[in-house]
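Q: Can you keep this structure in mind? I'll have questions shortly.
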Amino acid sequence: MAKIILAGGSGFIGHYLHKKFTSEGHQVLIISRNKEQGHIDWNDHKALLDALEGSWILINLAGKSVNCRHTEENKKAILESRTRTTAPLNELVRKCSQPPQFWFNASGAAYYKSSEDKVMTETDYEPGTSFMAEVSAQWEQALFAHELYHTKRIAMRTAIVLGKGDGPLKPLSTLAKTGLGGTQGSGRQMVSWIHIEDYYQIIRFLAEKGDIDGPVNFSAPEPVTNTVFMKTLRQTVGMPLGLPAPEFAIRIGASIIGTEADLLLDSSYVTSERLHNAGFTFRHGTLADALKDLL
């Protein structure tokens, strides 16, 4: 039995990782701001240090949801909720006599330039210029600050994570089932995605392989256009038609429900050269297979 530290584990990805690791018999300790019994508080540095000592894997998912209006106030909270949790973890890991062997820290596929025609890999890419690209860059700066000689650090540049009953797939599948799941915007924007089981399997693979650190794209090998994504989603739920949503309608709707239209309209064309070269095999490498499994 190994010790896993899960920071920011209250979201749907954190819940899934908790369930998977505990089912294997590992001890999972959760760091959160929720006052749930058994959780470690971010402000309790002694408890944090005790938890990190002798651990196998530290996974940090902490950060305010980006599914909100990107006002200046929310932008500040989105950025600081990531950098001001990652930086203290870096300090605590450096204080450990037996630090975590691996540190997986969330980052975003938004690190890369929005592109409809050039696929972005860890070694062949153009950096993004958007707010979320800057967030990802500063997030990783906090992760890789200072030398850590005994801990391998992996920045998880993550595409849209598809999970059962929660996350981005929940509202999208609802739209599809009600006949509103047509092409969004131009439909040409690329959608990079990953099945949540593959997200977990990549962490396991890299921790067992043990010789990879730095940025890794957590993204399935076959990104698709928005048109193909929504069509495949409709086919999976058995809805033959889907009302398209032009860009202006998406921007109006996003404003009404309090989110950002660019989360749907930006193009993310990302795959992982590093996972391919390392021999990782996706369990759900095609969108049709992933959606069939989840829906």
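Naming scheme: A, B, ... for chains in displayed order of the structure tokens; residues 1 onward per chain; ligands 1 onward as shown.
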Compile the contact shell of stretch 19-25 of chain A as number ranges by chain: residues with an atom at most 9 Å away, counting only C-alpha atoms, same-chain residues fewer than 4 positions apart removed.
A: A: 1-2, 4, 14-15, 200
Q: Could you list, as a PyMOL selection string, every residue within 6 Å of A:Ile194, counting only C-alpha atoms and ignoring same-chain residues fewer than 4 positions away?
A: chain A and resi 161-162+219-220
Q: Got a sec: who's within 9 Å of stretch 102-119 of chain A, counting only C-alpha atoms, leaving out chain neighbours fewer than 4 positions off, as a short mmCIF file (atom, residue, chain, number, x, y, z; two decimals) with all heavy atoms, in the first residue's frame?
A:
data_model
loop_
_atom_site.label_atom_id
_atom_site.label_comp_id
_atom_site.auth_asym_id
_atom_site.auth_seq_id
_atom_site.Cartn_x
_atom_site.Cartn_y
_atom_site.Cartn_z
N SER A 55 5.40 9.85 0.87
CA SER A 55 4.30 9.55 -0.06
C SER A 55 4.86 9.12 -1.42
O SER A 55 5.99 9.42 -1.78
CB SER A 55 3.38 10.75 -0.23
OG SER A 55 4.08 11.87 -0.73
N TRP A 56 4.03 8.39 -2.15
CA TRP A 56 4.40 7.94 -3.49
C TRP A 56 4.07 9.01 -4.53
O TRP A 56 4.92 9.42 -5.32
CB TRP A 56 3.67 6.64 -3.81
CG TRP A 56 3.92 6.07 -5.18
CD1 TRP A 56 5.09 6.15 -5.89
CD2 TRP A 56 3.00 5.33 -5.99
NE1 TRP A 56 4.95 5.50 -7.10
CE2 TRP A 56 3.69 4.99 -7.19
CE3 TRP A 56 1.69 4.91 -5.81
CZ2 TRP A 56 3.08 4.25 -8.21
CZ3 TRP A 56 1.08 4.17 -6.83
CH2 TRP A 56 1.77 3.85 -8.01
N ILE A 57 2.83 9.48 -4.50
CA ILE A 57 2.36 10.42 -5.52
C ILE A 57 1.63 11.59 -4.86
O ILE A 57 0.77 11.39 -4.00
CB ILE A 57 1.40 9.75 -6.52
CG1 ILE A 57 2.08 8.58 -7.25
CG2 ILE A 57 0.88 10.75 -7.53
CD1 ILE A 57 1.13 7.78 -8.13
N LEU A 58 1.98 12.80 -5.28
CA LEU A 58 1.22 14.01 -4.96
C LEU A 58 0.52 14.45 -6.23
O LEU A 58 1.16 14.60 -7.28
CB LEU A 58 2.16 15.11 -4.46
CG LEU A 58 1.61 16.55 -4.45
CD1 LEU A 58 0.42 16.68 -3.50
CD2 LEU A 58 2.72 17.54 -4.07
N ILE A 59 -0.79 14.62 -6.15
CA ILE A 59 -1.57 15.10 -7.29
C ILE A 59 -2.25 16.39 -6.87
O ILE A 59 -3.01 16.41 -5.90
CB ILE A 59 -2.64 14.08 -7.72
CG1 ILE A 59 -2.00 12.72 -8.04
CG2 ILE A 59 -3.42 14.60 -8.93
CD1 ILE A 59 -3.00 11.60 -8.23
N ASN A 60 -1.98 17.48 -7.58
CA ASN A 60 -2.57 18.77 -7.24
C ASN A 60 -3.53 19.22 -8.34
O ASN A 60 -3.12 19.51 -9.45
CB ASN A 60 -1.49 19.84 -7.04
CG ASN A 60 -2.09 21.19 -6.70
OD1 ASN A 60 -3.19 21.29 -6.17
ND2 ASN A 60 -1.37 22.25 -7.04
N LEU A 61 -4.82 19.25 -7.98
CA LEU A 61 -5.87 19.68 -8.91
C LEU A 61 -6.51 20.99 -8.47
O LEU A 61 -7.51 21.40 -9.06
CB LEU A 61 -6.95 18.60 -9.00
CG LEU A 61 -6.51 17.17 -9.33
CD1 LEU A 61 -7.69 16.21 -9.20
CD2 LEU A 61 -5.91 17.09 -10.72
N ALA A 62 -5.97 21.61 -7.44
CA ALA A 62 -6.64 22.76 -6.81
C ALA A 62 -6.74 23.94 -7.76
O ALA A 62 -5.81 24.26 -8.49
CB ALA A 62 -5.89 23.16 -5.54
N ARG A 82 -4.59 28.81 -8.21
CA ARG A 82 -3.67 27.82 -8.74
C ARG A 82 -2.24 28.07 -8.28
O ARG A 82 -1.58 27.16 -7.75
CB ARG A 82 -3.75 27.82 -10.27
CG ARG A 82 -5.05 27.18 -10.79
CD ARG A 82 -5.41 27.63 -12.19
NE ARG A 82 -6.54 26.87 -12.72
CZ ARG A 82 -7.81 27.05 -12.36
NH1 ARG A 82 -8.13 27.98 -11.47
NH2 ARG A 82 -8.77 26.31 -12.88
N THR A 86 0.02 25.85 -5.52
CA THR A 86 1.18 25.13 -6.06
C THR A 86 2.48 25.59 -5.41
O THR A 86 3.33 24.77 -5.05
CB THR A 86 1.26 25.31 -7.59
OG1 THR A 86 0.02 24.90 -8.17
CG2 THR A 86 2.38 24.50 -8.18
N ASP A 124 6.49 20.38 -30.27
CA ASP A 124 6.22 21.14 -31.49
C ASP A 124 4.94 21.93 -31.29
O ASP A 124 3.84 21.39 -31.47
CB ASP A 124 6.11 20.19 -32.68
CG ASP A 124 5.90 20.94 -34.00
OD1 ASP A 124 6.10 22.18 -34.01
OD2 ASP A 124 5.53 20.29 -35.00
N TYR A 125 5.08 23.19 -30.91
CA TYR A 125 3.90 23.97 -30.56
C TYR A 125 4.18 25.46 -30.65
O TYR A 125 5.33 25.89 -30.76
CB TYR A 125 3.44 23.62 -29.14
CG TYR A 125 4.40 24.06 -28.06
CD1 TYR A 125 4.32 25.33 -27.47
CD2 TYR A 125 5.41 23.22 -27.60
CE1 TYR A 125 5.20 25.73 -26.48
CE2 TYR A 125 6.30 23.61 -26.61
CZ TYR A 125 6.19 24.87 -26.05
OH TYR A 125 7.07 25.27 -25.08
N GLU A 126 3.10 26.22 -30.59
CA GLU A 126 3.17 27.67 -30.43
C GLU A 126 2.45 28.02 -29.13
O GLU A 126 1.33 27.55 -28.90
CB GLU A 126 2.50 28.38 -31.60
CG GLU A 126 3.18 28.14 -32.94
CD GLU A 126 2.43 28.81 -34.08
OE1 GLU A 126 2.06 30.00 -33.92
OE2 GLU A 126 2.20 28.14 -35.11
N PRO A 127 3.08 28.80 -28.25
CA PRO A 127 2.42 29.14 -27.00
C PRO A 127 1.20 30.03 -27.22
O PRO A 127 1.15 30.81 -28.18
CB PRO A 127 3.50 29.88 -26.21
CG PRO A 127 4.44 30.40 -27.26
CD PRO A 127 4.42 29.41 -28.37
N GLY A 128 0.22 29.89 -26.37
CA GLY A 128 -0.98 30.70 -26.48
C GLY A 128 -0.79 32.09 -25.91
O GLY A 128 0.18 32.36 -25.20
N THR A 129 -1.74 32.94 -26.23
CA THR A 129 -1.68 34.33 -25.74
C THR A 129 -2.94 34.70 -24.95
O THR A 129 -3.07 35.83 -24.50
CB THR A 129 -1.52 35.31 -26.92
OG1 THR A 129 -2.60 35.12 -27.83
CG2 THR A 129 -0.20 35.07 -27.64
N SER A 130 -3.84 33.75 -24.76
CA SER A 130 -5.09 34.03 -24.06
C SER A 130 -4.86 34.12 -22.55
O SER A 130 -3.77 33.79 -22.05
CB SER A 130 -6.11 32.92 -24.34
OG SER A 130 -5.66 31.70 -23.75
N PHE A 131 -5.89 34.53 -21.84
CA PHE A 131 -5.81 34.57 -20.38
C PHE A 131 -5.52 33.18 -19.82
O PHE A 131 -4.67 33.01 -18.95
CB PHE A 131 -7.12 35.12 -19.80
CG PHE A 131 -7.27 34.84 -18.33
CD1 PHE A 131 -6.45 35.46 -17.40
CD2 PHE A 131 -8.22 33.93 -17.87
CE1 PHE A 131 -6.58 35.19 -16.04
CE2 PHE A 131 -8.36 33.66 -16.53
CZ PHE A 131 -7.52 34.29 -15.61
N MET A 132 -6.20 32.15 -20.32
CA MET A 132 -5.99 30.81 -19.79
C MET A 132 -4.61 30.27 -20.16
O MET A 132 -4.05 29.44 -19.43
CB MET A 132 -7.09 29.87 -20.27
CG MET A 132 -8.44 30.09 -19.62
SD MET A 132 -8.37 30.14 -17.79
CE MET A 132 -7.63 28.56 -17.41
N ALA A 133 -4.05 30.71 -21.27
CA ALA A 133 -2.68 30.34 -21.60
C ALA A 133 -1.71 30.92 -20.57
O ALA A 133 -0.77 30.25 -20.12
CB ALA A 133 -2.33 30.81 -23.00
N GLU A 134 -1.95 32.16 -20.18
CA GLU A 134 -1.11 32.80 -19.17
C GLU A 134 -1.26 32.13 -17.82
O GLU A 134 -0.29 31.94 -17.09
CB GLU A 134 -1.46 34.29 -19.07
CG GLU A 134 -0.66 35.06 -18.03
CD GLU A 134 0.84 35.06 -18.29
OE1 GLU A 134 1.25 34.89 -19.46
OE2 GLU A 134 1.60 35.21 -17.31
N VAL A 135 -2.49 31.74 -17.50
CA VAL A 135 -2.72 31.00 -16.25
C VAL A 135 -1.92 29.71 -16.25
O VAL A 135 -1.24 29.37 -15.27
CB VAL A 135 -4.22 30.71 -16.05
CG1 VAL A 135 -4.43 29.70 -14.92
CG2 VAL A 135 -4.98 32.00 -15.76
N SER A 136 -1.99 28.95 -17.33
CA SER A 136 -1.27 27.69 -17.42
C SER A 136 0.24 27.90 -17.31
O SER A 136 0.93 27.12 -16.64
CB SER A 136 -1.60 26.98 -18.74
OG SER A 136 -2.97 26.66 -18.82
N ALA A 137 0.74 28.94 -17.95
CA ALA A 137 2.18 29.22 -17.90
C ALA A 137 2.63 29.55 -16.48
O ALA A 137 3.65 29.04 -16.00
CB ALA A 137 2.52 30.36 -18.86
N TRP A 139 1.07 28.78 -13.71
CA TRP A 139 0.85 27.56 -12.92
C TRP A 139 2.09 26.67 -12.99
O TRP A 139 2.58 26.16 -11.98
CB TRP A 139 -0.35 26.84 -13.51
CG TRP A 139 -1.20 26.04 -12.58
CD1 TRP A 139 -0.97 25.75 -11.27
CD2 TRP A 139 -2.44 25.42 -12.93
NE1 TRP A 139 -1.99 24.98 -10.77
CE2 TRP A 139 -2.90 24.76 -11.78
CE3 TRP A 139 -3.19 25.35 -14.10
CZ2 TRP A 139 -4.10 24.04 -11.75
CZ3 TRP A 139 -4.37 24.64 -14.08
CH2 TRP A 139 -4.82 23.99 -12.92
N GLU A 140 2.59 26.48 -14.21
CA GLU A 140 3.75 25.62 -14.39
C GLU A 140 5.02 26.25 -13.83
O GLU A 140 5.91 25.55 -13.33
CB GLU A 140 3.92 25.26 -15.86
CG GLU A 140 2.78 24.39 -16.38
CD GLU A 140 3.00 23.89 -17.79
OE1 GLU A 140 4.17 23.90 -18.26
OE2 GLU A 140 2.02 23.46 -18.43
N LEU A 143 5.09 25.33 -10.34
CA LEU A 143 5.42 23.91 -10.18
C LEU A 143 6.91 23.67 -10.31
O LEU A 143 7.51 22.96 -9.49
CB LEU A 143 4.66 23.09 -11.23
CG LEU A 143 5.07 21.63 -11.39
CD1 LEU A 143 4.77 20.84 -10.12
CD2 LEU A 143 4.38 21.00 -12.61
N HIS A 150 14.64 14.75 -5.72
CA HIS A 150 14.09 13.42 -5.44
C HIS A 150 12.63 13.28 -5.83
O HIS A 150 11.99 12.28 -5.51
CB HIS A 150 14.27 13.09 -3.96
CG HIS A 150 15.70 13.19 -3.50
ND1 HIS A 150 16.67 12.31 -3.91
CD2 HIS A 150 16.31 14.10 -2.69
CE1 HIS A 150 17.83 12.65 -3.36
NE2 HIS A 150 17.64 13.73 -2.63
N THR A 151 12.08 14.29 -6.51
CA THR A 151 10.68 14.27 -6.92
C THR A 151 10.57 14.59 -8.41
O THR A 151 11.04 15.64 -8.84
CB THR A 151 9.85 15.28 -6.11
OG1 THR A 151 9.94 14.99 -4.72
CG2 THR A 151 8.39 15.25 -6.55
N LYS A 152 9.97 13.69 -9.16
CA LYS A 152 9.72 13.98 -10.57
C LYS A 152 8.41 14.74 -10.70
O LYS A 152 7.39 14.32 -10.16
CB LYS A 152 9.67 12.68 -11.38
CG LYS A 152 11.02 12.01 -11.55
CD LYS A 152 10.97 10.92 -12.60
CE LYS A 152 12.34 10.28 -12.80
NZ LYS A 152 13.34 11.26 -13.31
N ARG A 153 8.46 15.85 -11.41
CA ARG A 153 7.30 16.72 -11.55
C ARG A 153 6.75 16.64 -12.96
O ARG A 153 7.49 16.79 -13.93
CB ARG A 153 7.67 18.16 -11.21
CG ARG A 153 7.94 18.39 -9.75
CD ARG A 153 8.54 19.76 -9.48
NE ARG A 153 9.94 19.83 -9.90
CZ ARG A 153 10.74 20.89 -9.68
NH1 ARG A 153 10.26 21.95 -9.07
NH2 ARG A 153 12.00 20.87 -10.07
N ILE A 154 5.44 16.41 -13.07
CA ILE A 154 4.75 16.32 -14.36
C ILE A 154 3.65 17.37 -14.40
O ILE A 154 2.76 17.39 -13.54
CB ILE A 154 4.14 14.92 -14.59
CG1 ILE A 154 5.22 13.86 -14.71
CG2 ILE A 154 3.28 14.91 -15.88
CD1 ILE A 154 5.57 13.18 -13.41
N ALA A 155 3.71 18.27 -15.37
CA ALA A 155 2.64 19.24 -15.60
C ALA A 155 1.62 18.59 -16.53
O ALA A 155 1.93 18.27 -17.68
CB ALA A 155 3.18 20.52 -16.21
N MET A 156 0.41 18.38 -16.03
CA MET A 156 -0.63 17.70 -16.81
C MET A 156 -1.38 18.73 -17.64
O MET A 156 -2.34 19.35 -17.18
CB MET A 156 -1.58 16.96 -15.86
CG MET A 156 -0.90 15.96 -14.96
SD MET A 156 -2.06 15.02 -13.92
CE MET A 156 -2.61 16.30 -12.77
N ARG A 157 -0.95 18.91 -18.87
CA ARG A 157 -1.62 19.85 -19.78
C ARG A 157 -2.87 19.15 -20.32
O ARG A 157 -2.82 18.45 -21.32
CB ARG A 157 -0.69 20.29 -20.90
CG ARG A 157 0.48 21.15 -20.39
CD ARG A 157 1.44 21.54 -21.48
NE ARG A 157 2.52 22.37 -20.95
CZ ARG A 157 3.63 22.70 -21.63
NH1 ARG A 157 3.78 22.27 -22.88
NH2 ARG A 157 4.56 23.45 -21.06
N THR A 158 -3.98 19.41 -19.65
CA THR A 158 -5.15 18.57 -19.78
C THR A 158 -6.18 19.13 -20.75
O THR A 158 -6.54 20.31 -20.67
CB THR A 158 -5.79 18.36 -18.40
OG1 THR A 158 -4.79 17.87 -17.50
CG2 THR A 158 -6.93 17.35 -18.47
N ALA A 159 -6.67 18.27 -21.64
CA ALA A 159 -7.77 18.60 -22.53
C ALA A 159 -9.09 18.45 -21.76
O ALA A 159 -9.09 18.22 -20.55
CB ALA A 159 -7.73 17.68 -23.75
N ILE A 160 -10.22 18.57 -22.44
CA ILE A 160 -11.53 18.39 -21.81
C ILE A 160 -11.63 16.96 -21.29
O ILE A 160 -11.43 16.00 -22.03
CB ILE A 160 -12.65 18.66 -22.82
CG1 ILE A 160 -12.66 20.13 -23.24
CG2 ILE A 160 -14.02 18.28 -22.24
CD1 ILE A 160 -13.62 20.43 -24.38
N ARG A 188 -15.73 24.44 -36.89
CA ARG A 188 -14.38 24.07 -37.35
C ARG A 188 -13.38 23.99 -36.20
O ARG A 188 -12.29 23.43 -36.36
CB ARG A 188 -13.88 25.09 -38.38
CG ARG A 188 -14.68 25.12 -39.68
CD ARG A 188 -14.00 25.98 -40.72
NE ARG A 188 -13.81 27.35 -40.25
CZ ARG A 188 -14.70 28.33 -40.41
NH1 ARG A 188 -15.86 28.08 -41.02
NH2 ARG A 188 -14.47 29.55 -39.96
N GLN A 189 -13.74 24.59 -35.05
CA GLN A 189 -12.80 24.58 -33.93
C GLN A 189 -12.56 23.15 -33.45
O GLN A 189 -13.47 22.35 -33.37
CB GLN A 189 -13.30 25.46 -32.78
CG GLN A 189 -14.52 24.98 -32.03
CD GLN A 189 -15.82 25.46 -32.61
OE1 GLN A 189 -15.94 25.65 -33.82
NE2 GLN A 189 -16.83 25.65 -31.76
N MET A 190 -11.30 22.84 -33.18
CA MET A 190 -10.92 21.49 -32.75
C MET A 190 -11.24 21.30 -31.27
O MET A 190 -11.13 22.23 -30.47
CB MET A 190 -9.44 21.24 -33.00
CG MET A 190 -9.02 21.31 -34.46
SD MET A 190 -9.87 20.08 -35.52
CE MET A 190 -9.25 18.55 -34.83
N SER A 192 -10.09 18.91 -28.24
CA SER A 192 -9.21 17.90 -27.66
C SER A 192 -9.85 17.41 -26.37
O SER A 192 -10.36 18.21 -25.58
CB SER A 192 -7.82 18.48 -27.40
OG SER A 192 -7.20 18.85 -28.61
N ILE A 203 -1.53 8.67 -15.25
CA ILE A 203 -0.84 8.90 -13.98
C ILE A 203 -0.18 7.61 -13.50
O ILE A 203 1.00 7.58 -13.12
CB ILE A 203 -1.81 9.44 -12.92
CG1 ILE A 203 -2.29 10.84 -13.31
CG2 ILE A 203 -1.16 9.46 -11.52
CD1 ILE A 203 -3.36 11.40 -12.39
N LEU A 206 2.87 6.69 -15.84
CA LEU A 206 4.06 7.53 -15.66
C LEU A 206 4.73 7.27 -14.32
O LEU A 206 5.96 7.29 -14.20
CB LEU A 206 3.69 9.00 -15.80
CG LEU A 206 3.21 9.44 -17.20
CD1 LEU A 206 2.82 10.91 -17.19
CD2 LEU A 206 4.28 9.17 -18.26
N ALA A 207 3.91 7.01 -13.28
CA ALA A 207 4.48 6.74 -11.97
C ALA A 207 5.19 5.38 -11.94
O ALA A 207 6.20 5.22 -11.24
CB ALA A 207 3.39 6.79 -10.90
N GLY A 210 8.43 5.81 -14.41
CA GLY A 210 9.38 6.47 -13.52
C GLY A 210 10.47 7.31 -14.14
O GLY A 210 11.29 7.86 -13.42
N ASP A 213 9.51 13.29 -16.78
CA ASP A 213 9.04 14.45 -16.05
C ASP A 213 8.87 15.61 -17.03
O ASP A 213 9.12 15.47 -18.22
CB ASP A 213 9.97 14.83 -14.88
CG ASP A 213 11.40 15.10 -15.34
OD1 ASP A 213 11.64 15.14 -16.57
OD2 ASP A 213 12.27 15.27 -14.48
N PRO A 215 6.37 18.64 -18.89
CA PRO A 215 4.98 18.71 -19.38
C PRO A 215 4.59 17.47 -20.17
O PRO A 215 5.37 16.93 -20.95
CB PRO A 215 4.99 19.95 -20.29
CG PRO A 215 6.41 20.08 -20.73
CD PRO A 215 7.25 19.60 -19.59
N ASN A 217 0.99 16.12 -22.30
CA ASN A 217 -0.37 16.43 -22.74
C ASN A 217 -1.30 15.27 -22.38
O ASN A 217 -1.13 14.15 -22.88
CB ASN A 217 -0.41 16.68 -24.24
CG ASN A 217 0.34 17.94 -24.64
OD1 ASN A 217 0.59 18.80 -23.81
ND2 ASN A 217 0.69 18.05 -25.90
N PHE A 218 -2.26 15.54 -21.51
CA PHE A 218 -3.28 14.55 -21.18
C PHE A 218 -4.43 14.75 -22.15
O PHE A 218 -5.42 15.41 -21.88
CB PHE A 218 -3.75 14.75 -19.73
CG PHE A 218 -2.85 14.13 -18.70
CD1 PHE A 218 -1.48 14.34 -18.72
CD2 PHE A 218 -3.37 13.33 -17.69
CE1 PHE A 218 -0.64 13.77 -17.77
CE2 PHE A 218 -2.55 12.75 -16.73
CZ PHE A 218 -1.18 12.96 -16.77
N SER A 219 -4.27 14.16 -23.33
CA SER A 219 -5.24 14.35 -24.41
C SER A 219 -5.25 13.11 -25.29
O SER A 219 -4.20 12.54 -25.58
CB SER A 219 -4.86 15.58 -25.25
OG SER A 219 -5.81 15.84 -26.25
N THR A 225 -13.22 17.93 -34.82
CA THR A 225 -13.85 19.24 -34.90
C THR A 225 -15.09 19.27 -34.01
O THR A 225 -15.64 18.22 -33.64
CB THR A 225 -14.26 19.57 -36.33
OG1 THR A 225 -15.26 18.64 -36.75
CG2 THR A 225 -13.07 19.54 -37.28
N ASP A 266 -13.11 28.49 -28.65
CA ASP A 266 -11.68 28.39 -28.92
C ASP A 266 -11.34 27.00 -29.47
O ASP A 266 -11.98 26.01 -29.11
CB ASP A 266 -10.86 28.66 -27.66
CG ASP A 266 -10.74 30.15 -27.37
OD1 ASP A 266 -11.15 30.95 -28.22
OD2 ASP A 266 -10.23 30.50 -26.28
N SER A 267 -10.33 26.95 -30.30
CA SER A 267 -9.92 25.69 -30.92
C SER A 267 -8.72 25.11 -30.19
O SER A 267 -7.69 25.76 -30.05
CB SER A 267 -9.56 25.92 -32.40
OG SER A 267 -9.26 24.70 -33.03
N SER A 268 -8.87 23.87 -29.71
CA SER A 268 -7.80 23.17 -29.00
C SER A 268 -7.42 21.92 -29.78
O SER A 268 -8.19 20.95 -29.84
CB SER A 268 -8.26 22.81 -27.58
OG SER A 268 -7.27 22.07 -26.91
N TYR A 269 -6.24 21.93 -30.38
CA TYR A 269 -5.79 20.84 -31.25
C TYR A 269 -4.50 20.26 -30.67
O TYR A 269 -3.40 20.66 -31.01
CB TYR A 269 -5.56 21.39 -32.66
CG TYR A 269 -5.48 20.37 -33.77
CD1 TYR A 269 -5.65 19.01 -33.54
CD2 TYR A 269 -5.24 20.79 -35.08
CE1 TYR A 269 -5.59 18.10 -34.57
CE2 TYR A 269 -5.18 19.89 -36.13
CZ TYR A 269 -5.35 18.53 -35.86
OH TYR A 269 -5.28 17.63 -36.90
N VAL A 270 -4.67 19.32 -29.74
CA VAL A 270 -3.56 18.88 -28.90
C VAL A 270 -3.50 17.36 -28.84
O VAL A 270 -4.53 16.70 -28.62
CB VAL A 270 -3.70 19.44 -27.47
CG1 VAL A 270 -2.59 18.92 -26.57
CG2 VAL A 270 -3.70 20.97 -27.48
N THR A 271 -2.32 16.79 -29.03
CA THR A 271 -2.08 15.37 -28.78
C THR A 271 -0.75 15.24 -28.02
O THR A 271 -0.02 16.21 -27.86
CB THR A 271 -2.00 14.54 -30.08
OG1 THR A 271 -0.89 15.00 -30.86
CG2 THR A 271 -3.27 14.65 -30.88
#
Q: How many Å lie between atom CA of A:Glu222 and atom CA of A:Ser65, rounded to one decimal?
A: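 Separation between atom CA of A:Glu222 and atom CA of A:Ser65: 25.7 Å.
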Q: So that I can check the surroundings of A:Gly8, please list as JSON, numbers by chain every protein, DNA and RNA residue that reaches within 10 Å of it, counting only C-alpha atoms and ignoring chain neighbours fewer than 2 positions away.
A: {"A": [5, 6, 10, 11, 13, 14, 15, 30, 31, 32, 33, 34, 42, 59, 60, 61, 62, 63, 64, 85]}
Q: Output C-alpha atoms for every residue in the selection just made, as a PDB file, in the first residue's frame.
A:
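Heads up, here's the output in selection_19.pdb:
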ATOM      1  CA  ILE A   5      -1.826  12.885  -1.601  1.00  0.00           C
ATOM      2  CA  LEU A   6      -4.710  14.454  -3.506  1.00  0.00           C
ATOM      3  CA  SER A  10     -13.402  17.657  -4.243  1.00  0.00           C
ATOM      4  CA  GLY A  11     -14.183  17.935  -7.981  1.00  0.00           C
ATOM      5  CA  ILE A  13     -11.769  14.284 -11.365  1.00  0.00           C
ATOM      6  CA  GLY A  14     -10.601  14.188  -7.755  1.00  0.00           C
ATOM      7  CA  HIS A  15     -13.496  11.945  -6.734  1.00  0.00           C
ATOM      8  CA  ILE A  30      -7.162  14.746   0.597  1.00  0.00           C
ATOM      9  CA  ILE A  31      -6.118  18.377   0.969  1.00  0.00           C
ATOM     10  CA  SER A  32      -9.009  20.803   0.625  1.00  0.00           C
ATOM     11  CA  ARG A  33     -10.647  23.926   1.984  1.00  0.00           C
ATOM     12  CA  ASN A  34     -13.798  21.954   2.716  1.00  0.00           C
ATOM     13  CA  TRP A  42      -4.427  24.018   3.410  1.00  0.00           C
ATOM     14  CA  ILE A  59      -1.575  15.099  -7.288  1.00  0.00           C
ATOM     15  CA  ASN A  60      -2.574  18.771  -7.236  1.00  0.00           C
ATOM     16  CA  LEU A  61      -5.866  19.678  -8.913  1.00  0.00           C
ATOM     17  CA  ALA A  62      -6.636  22.756  -6.805  1.00  0.00           C
ATOM     18  CA  GLY A  63      -8.083  25.813  -8.518  1.00  0.00           C
ATOM     19  CA  LYS A  64     -11.243  27.834  -8.956  1.00  0.00           C
ATOM     20  CA  THR A  85      -1.591  26.425  -3.799  1.00  0.00           C
TER      21      THR A  85
END
Q: Do a neighbour search on A:Glu147 at 12 Å with only C-alpha atoms, toss out local chain neighbours closer than 5 positions, and write the hits as an MDAnalysis selection string.
A: chainID A and resid 90:91 93:94 142 152:153
Q: Have a look at atom CA of A:Arg234 and atom CA of A:Lys177 and let me know their distance in Å, one decimal.
A: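 Separation of atom CA of A:Arg234 and atom CA of A:Lys177: 7.1 Å.
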Q: From a backbone DSSP assignment, name each residue in stretch 85-272 of chain A labelled alpha helix (DSSP H), as a VMD selection string.
A: chain A and resid 85 to 95 131 to 144 169 to 177 196 to 209 226 to 237 247 to 257 262 to 265
Q: What's around A:Gly187 at 7 Å? Count only C-alpha atoms, leave out sequence neighbours fewer than 2 positions away in its own chain, and write the answer as a VMD selection string.
A: chain A and resid 183 to 185 189 225 to 227
Q: Create the file for the chosen residues now, containing all heavy atoms and written as a compact mmCIF listing (two decimals), in the first residue's frame.
A:
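What follows is the written file part_5.txt:
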# COMPACT_ATOMS: atom_id res chain seq x y z
N THR A 183 -24.05 21.83 -34.17
CA THR A 183 -22.75 22.48 -34.28
C THR A 183 -22.75 23.79 -33.50
O THR A 183 -23.72 24.55 -33.55
CB THR A 183 -22.43 22.74 -35.76
OG1 THR A 183 -22.26 21.48 -36.42
CG2 THR A 183 -21.16 23.56 -35.92
N GLN A 184 -21.65 24.04 -32.83
CA GLN A 184 -21.52 25.26 -32.03
C GLN A 184 -20.52 26.19 -32.69
O GLN A 184 -19.39 25.81 -32.97
CB GLN A 184 -21.08 24.89 -30.61
CG GLN A 184 -22.11 24.04 -29.88
CD GLN A 184 -21.54 23.31 -28.69
OE1 GLN A 184 -20.38 22.96 -28.65
NE2 GLN A 184 -22.39 23.05 -27.70
N GLY A 185 -20.97 27.42 -32.96
CA GLY A 185 -20.13 28.36 -33.67
C GLY A 185 -19.90 27.89 -35.10
O GLY A 185 -20.81 27.35 -35.75
N GLN A 189 -13.74 24.59 -35.05
CA GLN A 189 -12.80 24.58 -33.93
C GLN A 189 -12.56 23.15 -33.45
O GLN A 189 -13.47 22.35 -33.37
CB GLN A 189 -13.30 25.46 -32.78
CG GLN A 189 -14.52 24.98 -32.03
CD GLN A 189 -15.82 25.46 -32.61
OE1 GLN A 189 -15.94 25.65 -33.82
NE2 GLN A 189 -16.83 25.65 -31.76
N THR A 225 -13.22 17.93 -34.82
CA THR A 225 -13.85 19.24 -34.90
C THR A 225 -15.09 19.27 -34.01
O THR A 225 -15.64 18.22 -33.64
CB THR A 225 -14.26 19.57 -36.33
OG1 THR A 225 -15.26 18.64 -36.75
CG2 THR A 225 -13.07 19.54 -37.28
N ASN A 226 -15.55 20.45 -33.69
CA ASN A 226 -16.77 20.58 -32.90
C ASN A 226 -17.95 19.93 -33.62
O ASN A 226 -18.79 19.29 -32.98
CB ASN A 226 -17.06 22.06 -32.62
CG ASN A 226 -18.38 22.27 -31.91
OD1 ASN A 226 -19.43 22.44 -32.55
ND2 ASN A 226 -18.36 22.25 -30.59
N THR A 227 -18.00 20.07 -34.94
CA THR A 227 -19.08 19.46 -35.70
C THR A 227 -19.10 17.95 -35.51
O THR A 227 -20.15 17.34 -35.26
CB THR A 227 -18.94 19.79 -37.21
OG1 THR A 227 -19.10 21.20 -37.39
CG2 THR A 227 -19.98 19.06 -38.04
